[in-house]
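Accompanying notes for the structure given below.
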Amino acid sequence: MSDPKDPIASAGMVAREIRTGERNGTATKVLVARRAYRSTRADVWDALTSRERLPRWFQPVSGDLEVGGRYQFEAQAGGSIERCDAPELLAVTWEFGGGMSWLEVRLSEDGGGTVLELVHEAPVDPAMWAQYGPGAVGIGWDGLLHSFGYYLETDDSLDPDEWEQWMTSPEGADYARRLGDAWGAAAIADGDDPDEAKAAVDAVVAFYTVPPQPEA
């Protein structure tokens, strides 16, 4: 197995899929990412749902972490917990910036390890999709899947400032390009125009890797 602590190696550990869907009469896009981890399903579930462990690889969480309760990640998304079947399935709404989407995480045993399947379904914003494609969301989830794997392997946390700086390095640009190309290929497989998908990949890679310019 490739080194799961290496971001570029870990990029190749994720299987990606895009599906066109519909929810309550509204067109949606469904992003699917799957990755195997070397930890047991019980440990992966605990790391995903423990109030104490979540900040080690993502963000501190507050709220009522029970079915029917509401959660809120610090400076991130919040929502409602719709289903929790330990240690197999967690389903929540994902509410951020005034919009709502739906997130499911499924765990299955794989020998001595665990396969995590993340399914994120969101209403389609045609302008945003045309500009950035699935990479706008997918690259962010890839980063979290890597952060999660790094934590499971080392019991340590990635430094978010160092990660942001690394993303603007040549290695970070290579990482973002690999992820963007993979999500672009998934979108093309779902029926997106290849030229439009490739243009969206270029835009989203630039978004993630070009440092913000200081204001004049």
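Going by the structure tokens order, chains are called A, B, ..., each with residues numbered from 1, while ligands are numbered from 1 in the order shown.
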Which residues, written as a list in words, have at least one atom at most 12 Å from Met167 in chain A, with only C-alpha atoms counted and residues fewer than 5 positions away on the same chain left out?
-> Pro7, Ile8, Ile139, Gly140, Gly143, Pro160, Asp161, Glu162, Gly172, Ala173, Asp174, Tyr175, Ala176, Arg177, Val205, Ala206, Phe207, Tyr208, Thr209, Val210 and Pro211 of chain A
Take the selection from the previous step and output its residues with all heavy atoms, as a short mmCIF file (atom, residue, chain, number, x, y, z; two decimals), in the first residue's frame.
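Output file part.cif follows:
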```cif
data_model
loop_
_atom_site.label_atom_id
_atom_site.label_comp_id
_atom_site.auth_asym_id
_atom_site.auth_seq_id
_atom_site.Cartn_x
_atom_site.Cartn_y
_atom_site.Cartn_z
N PRO A 7 0.32 13.09 0.95
CA PRO A 7 -0.90 13.55 0.27
C PRO A 7 -1.02 13.05 -1.16
O PRO A 7 -2.11 12.64 -1.58
CB PRO A 7 -0.78 15.08 0.32
CG PRO A 7 0.14 15.37 1.45
CD PRO A 7 1.10 14.21 1.50
N ILE A 8 0.07 13.09 -1.92
CA ILE A 8 -0.02 12.69 -3.32
C ILE A 8 -0.28 11.19 -3.42
O ILE A 8 -1.08 10.75 -4.26
CB ILE A 8 1.25 13.12 -4.08
CG1 ILE A 8 1.31 14.65 -4.17
CG2 ILE A 8 1.30 12.50 -5.47
CD1 ILE A 8 2.54 15.21 -4.82
N ILE A 139 -12.39 18.42 -4.02
CA ILE A 139 -11.02 18.60 -3.53
C ILE A 139 -11.03 18.85 -2.03
O ILE A 139 -10.15 18.38 -1.30
CB ILE A 139 -10.31 19.72 -4.31
CG1 ILE A 139 -10.04 19.26 -5.74
CG2 ILE A 139 -9.00 20.11 -3.63
CD1 ILE A 139 -9.38 20.31 -6.63
N GLY A 140 -12.04 19.56 -1.54
CA GLY A 140 -12.15 19.77 -0.10
C GLY A 140 -12.36 18.46 0.64
O GLY A 140 -11.74 18.21 1.68
N GLY A 143 -9.18 16.48 0.79
CA GLY A 143 -8.29 16.96 1.84
C GLY A 143 -8.67 16.42 3.20
O GLY A 143 -7.80 16.05 4.01
N PRO A 160 -3.28 23.27 9.93
CA PRO A 160 -4.03 23.86 8.80
C PRO A 160 -3.27 24.97 8.09
O PRO A 160 -3.39 25.13 6.87
CB PRO A 160 -5.31 24.38 9.46
CG PRO A 160 -5.01 24.46 10.92
CD PRO A 160 -3.99 23.40 11.20
N ASP A 161 -2.48 25.75 8.82
CA ASP A 161 -1.71 26.82 8.17
C ASP A 161 -0.61 26.24 7.29
O ASP A 161 -0.37 26.72 6.18
CB ASP A 161 -1.11 27.76 9.23
CG ASP A 161 -2.17 28.54 9.98
OD1 ASP A 161 -3.25 28.80 9.40
OD2 ASP A 161 -1.94 28.87 11.16
N GLU A 162 0.07 25.20 7.79
CA GLU A 162 1.09 24.56 6.98
C GLU A 162 0.49 23.89 5.75
O GLU A 162 1.07 23.91 4.67
CB GLU A 162 1.84 23.52 7.82
CG GLU A 162 2.72 24.13 8.90
CD GLU A 162 3.46 23.07 9.69
OE1 GLU A 162 3.31 21.87 9.38
OE2 GLU A 162 4.20 23.45 10.62
N GLY A 172 2.01 20.83 -3.91
CA GLY A 172 0.59 21.05 -3.67
C GLY A 172 -0.18 21.25 -4.96
O GLY A 172 -1.32 20.77 -5.10
N ALA A 173 0.43 21.95 -5.91
CA ALA A 173 -0.22 22.15 -7.20
C ALA A 173 -0.38 20.82 -7.94
O ALA A 173 -1.41 20.57 -8.58
CB ALA A 173 0.59 23.14 -8.04
N ASP A 174 0.63 19.95 -7.82
CA ASP A 174 0.54 18.62 -8.43
C ASP A 174 -0.59 17.82 -7.79
O ASP A 174 -1.38 17.16 -8.48
CB ASP A 174 1.87 17.90 -8.27
CG ASP A 174 1.87 16.50 -8.88
OD1 ASP A 174 1.16 16.29 -9.88
OD2 ASP A 174 2.58 15.63 -8.36
N TYR A 175 -0.68 17.89 -6.47
CA TYR A 175 -1.75 17.22 -5.73
C TYR A 175 -3.13 17.71 -6.19
O TYR A 175 -4.02 16.91 -6.51
CB TYR A 175 -1.55 17.49 -4.25
CG TYR A 175 -2.64 17.03 -3.31
CD1 TYR A 175 -2.82 15.69 -3.02
CD2 TYR A 175 -3.45 17.97 -2.68
CE1 TYR A 175 -3.81 15.28 -2.13
CE2 TYR A 175 -4.44 17.58 -1.78
CZ TYR A 175 -4.61 16.23 -1.52
OH TYR A 175 -5.59 15.83 -0.64
N ALA A 176 -3.30 19.04 -6.24
CA ALA A 176 -4.59 19.59 -6.65
C ALA A 176 -4.92 19.21 -8.09
O ALA A 176 -6.09 18.93 -8.41
CB ALA A 176 -4.58 21.11 -6.49
N ARG A 177 -3.92 19.18 -8.95
CA ARG A 177 -4.16 18.81 -10.34
C ARG A 177 -4.62 17.36 -10.44
O ARG A 177 -5.55 17.04 -11.19
CB ARG A 177 -2.89 19.03 -11.16
CG ARG A 177 -2.92 18.48 -12.58
CD ARG A 177 -4.04 19.07 -13.41
NE ARG A 177 -3.90 20.50 -13.57
CZ ARG A 177 -4.75 21.25 -14.29
NH1 ARG A 177 -5.80 20.68 -14.88
NH2 ARG A 177 -4.57 22.55 -14.38
N VAL A 205 -8.41 24.13 -9.87
CA VAL A 205 -7.02 23.94 -9.44
C VAL A 205 -6.38 25.29 -9.13
O VAL A 205 -5.67 25.45 -8.13
CB VAL A 205 -6.23 23.17 -10.51
CG1 VAL A 205 -4.73 23.19 -10.21
CG2 VAL A 205 -6.72 21.73 -10.59
N ALA A 206 -6.63 26.29 -9.98
CA ALA A 206 -6.10 27.63 -9.71
C ALA A 206 -6.67 28.19 -8.41
O ALA A 206 -5.95 28.82 -7.63
CB ALA A 206 -6.43 28.55 -10.88
N PHE A 207 -7.94 27.94 -8.16
CA PHE A 207 -8.58 28.43 -6.94
C PHE A 207 -7.88 27.89 -5.70
O PHE A 207 -7.65 28.61 -4.73
CB PHE A 207 -10.06 28.04 -6.92
CG PHE A 207 -10.77 28.39 -5.65
CD1 PHE A 207 -11.27 29.67 -5.45
CD2 PHE A 207 -10.94 27.44 -4.64
CE1 PHE A 207 -11.93 29.99 -4.27
CE2 PHE A 207 -11.59 27.76 -3.46
CZ PHE A 207 -12.09 29.03 -3.28
N TYR A 208 -7.54 26.62 -5.73
CA TYR A 208 -6.95 25.98 -4.55
C TYR A 208 -5.45 26.24 -4.41
O TYR A 208 -4.90 26.08 -3.32
CB TYR A 208 -7.19 24.47 -4.59
CG TYR A 208 -8.50 24.06 -3.98
CD1 TYR A 208 -9.62 23.82 -4.79
CD2 TYR A 208 -8.66 23.91 -2.61
CE1 TYR A 208 -10.84 23.44 -4.24
CE2 TYR A 208 -9.87 23.54 -2.05
CZ TYR A 208 -10.95 23.30 -2.86
OH TYR A 208 -12.15 22.93 -2.32
N THR A 209 -4.76 26.61 -5.49
CA THR A 209 -3.29 26.65 -5.43
C THR A 209 -2.68 28.02 -5.61
O THR A 209 -1.49 28.20 -5.33
CB THR A 209 -2.69 25.72 -6.50
OG1 THR A 209 -3.12 26.14 -7.80
CG2 THR A 209 -3.15 24.27 -6.27
N VAL A 210 -3.41 29.00 -6.11
CA VAL A 210 -2.85 30.34 -6.30
C VAL A 210 -3.04 31.13 -5.01
O VAL A 210 -4.16 31.29 -4.55
CB VAL A 210 -3.52 31.07 -7.48
CG1 VAL A 210 -3.01 32.50 -7.58
CG2 VAL A 210 -3.27 30.32 -8.78
N PRO A 211 -1.94 31.62 -4.42
CA PRO A 211 -2.08 32.37 -3.17
C PRO A 211 -2.90 33.64 -3.38
O PRO A 211 -2.82 34.28 -4.45
CB PRO A 211 -0.64 32.73 -2.80
CG PRO A 211 0.22 31.85 -3.63
CD PRO A 211 -0.55 31.52 -4.86
#
```
Using only C-alpha atoms, find each residue of range 4-95 of chain A with at least one atom at most 8 Å away from an atom of range 119-124 of chain A; report its shortest atom-to-atom pair and that distance in Å (one decimal), sort the rows by chain and rising residue number, and return the result as CSV.
```
residue,atom,partner,partner_atom,distance
A:Thr26,CA,A:Pro123,CA,6.7
A:Ala27,CA,A:Pro123,CA,5.9
A:Thr28,CA,A:Pro123,CA,4.2
A:Lys29,CA,A:Ala122,CA,5.6
A:Val30,CA,A:Glu121,CA,4.3
A:Leu31,CA,A:His120,CA,5.1
A:Val32,CA,A:Val119,CA,4.6
A:Ala33,CA,A:Val119,CA,6.7
```
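Rounded to one decimal, CA of Gly78 in chain A and CA of Arg34 in chain A lie 22.6 Å from each other.
Distances to Tyr37 in chain A were evaluated for A:Leu144, A:Met13, A:Ala197, A:Val137 using only C-alpha atoms, and the minimum falls at A:Met13.
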Contacts of range 180-194 of chain A within 8 Å, only C-alpha atoms, excl. fewer than 3 positions in-chain, as a PyMOL selection string | chain A and resi 16-20+133-135+138-139+176-177+197-198+200-202+204-205
Write the residues of the selection above to a file with C-alpha atoms, as a JSON list (two decimals), in the first residue's frame.
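Generated output (result.json):
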```json
[["chain", "number", "residue", "atom", "x", "y", "z"],
["A", 16, "ARG", "CA", -14.44, 8.92, -7.08],
["A", 17, "GLU", "CA", -17.83, 9.00, -8.74],
["A", 18, "ILE", "CA", -20.34, 11.65, -9.84],
["A", 19, "ARG", "CA", -24.03, 10.90, -10.31],
["A", 20, "THR", "CA", -26.85, 13.08, -11.54],
["A", 133, "GLY", "CA", -17.32, 21.51, -11.61],
["A", 134, "PRO", "CA", -17.28, 18.83, -8.92],
["A", 135, "GLY", "CA", -13.74, 19.71, -7.84],
["A", 138, "GLY", "CA", -14.50, 17.20, -4.17],
["A", 139, "ILE", "CA", -11.02, 18.60, -3.53],
["A", 176, "ALA", "CA", -4.59, 19.59, -6.65],
["A", 177, "ARG", "CA", -4.16, 18.81, -10.34],
["A", 197, "ALA", "CA", -15.17, 19.75, -17.60],
["A", 198, "LYS", "CA", -11.49, 20.32, -18.35],
["A", 200, "ALA", "CA", -13.65, 23.72, -14.85],
["A", 201, "VAL", "CA", -10.73, 21.60, -13.61],
["A", 202, "ASP", "CA", -8.26, 24.34, -14.58],
["A", 204, "VAL", "CA", -10.71, 24.93, -9.54],
["A", 205, "VAL", "CA", -7.02, 23.94, -9.44]]
```
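Secondary structure of range 92-153 of chain A, alpha helix (DSSP H) only (DSSP, backbone atoms): Pro126, Ala127, Met128, Trp129, Ala130, Gln131, Tyr132, Gly135, Ala136, Val137, Gly138, Ile139, Gly140, Trp141, Asp142, Gly143, Leu144, Leu145, His146, Ser147, Phe148, Gly149, Tyr150, Tyr151, Leu152 and Glu153 of chain A.
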Next, write the just-selected residues to a file, as a short mmCIF file (atom, residue, chain, number, x, y, z; two decimals), in the first residue's frame, keeping C-alpha atoms as the atom set.
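Just written: again.cif:
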```
data_model
loop_
_atom_site.label_atom_id
_atom_site.label_comp_id
_atom_site.auth_asym_id
_atom_site.auth_seq_id
_atom_site.Cartn_x
_atom_site.Cartn_y
_atom_site.Cartn_z
CA PRO A 126 -25.54 25.68 -12.90
CA ALA A 127 -23.22 28.69 -12.86
CA MET A 128 -21.02 27.29 -10.10
CA TRP A 129 -20.92 23.85 -11.73
CA ALA A 130 -19.99 25.34 -15.11
CA GLN A 131 -17.21 27.41 -13.55
CA TYR A 132 -15.67 24.92 -11.12
CA GLY A 135 -13.74 19.71 -7.84
CA ALA A 136 -15.04 22.74 -5.96
CA VAL A 137 -16.46 20.35 -3.37
CA GLY A 138 -14.50 17.20 -4.17
CA ILE A 139 -11.02 18.60 -3.53
CA GLY A 140 -12.15 19.77 -0.10
CA TRP A 141 -13.47 16.31 0.76
CA ASP A 142 -10.24 14.76 -0.54
CA GLY A 143 -8.29 16.96 1.84
CA LEU A 144 -10.42 15.80 4.75
CA LEU A 145 -10.05 12.14 3.78
CA HIS A 146 -6.29 12.67 3.77
CA SER A 147 -6.35 14.51 7.11
CA PHE A 148 -8.44 11.70 8.57
CA GLY A 149 -6.02 9.05 7.32
CA TYR A 150 -3.03 11.01 8.63
CA TYR A 151 -4.66 11.16 12.05
CA LEU A 152 -5.53 7.45 12.08
CA GLU A 153 -1.96 6.51 11.10
#
```
Work out how far CA of Asp156 in chain A is from CA of Gly113 in chain A, in Å to one decimal.
-> 19.3 Å
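Nearest residue to Val67 in chain A, choosing from A:Ala91, A:Met100, A:Ala9, A:Ile81 and counting only C-alpha atoms: A:Ile81.
Proximity ranking of A:Ala36, A:Val44, A:Cys84, A:Ala203 relative to Val115 in chain A places A:Ala36 first, based on only C-alpha atoms.
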Could you give me, as a PyMOL selection string, each residue of range 5-210 of chain A that DSSP assigns to strand (DSSP E or B) when run on this structure's backbone?
-> chain A and resi 15-23+26-37+61-63+70-73+78-85+89-96+99-110+113-123
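Taking CA of Thr168 in chain A and CA of Ala199 in chain A as the two end points, the separation is 19.8 Å.
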Selected residue, from A:Ala47, A:Leu158, A:Leu89, A:Ala75, that lies nearest to Pro60 in chain A when counting only C-alpha atoms = A:Ala75
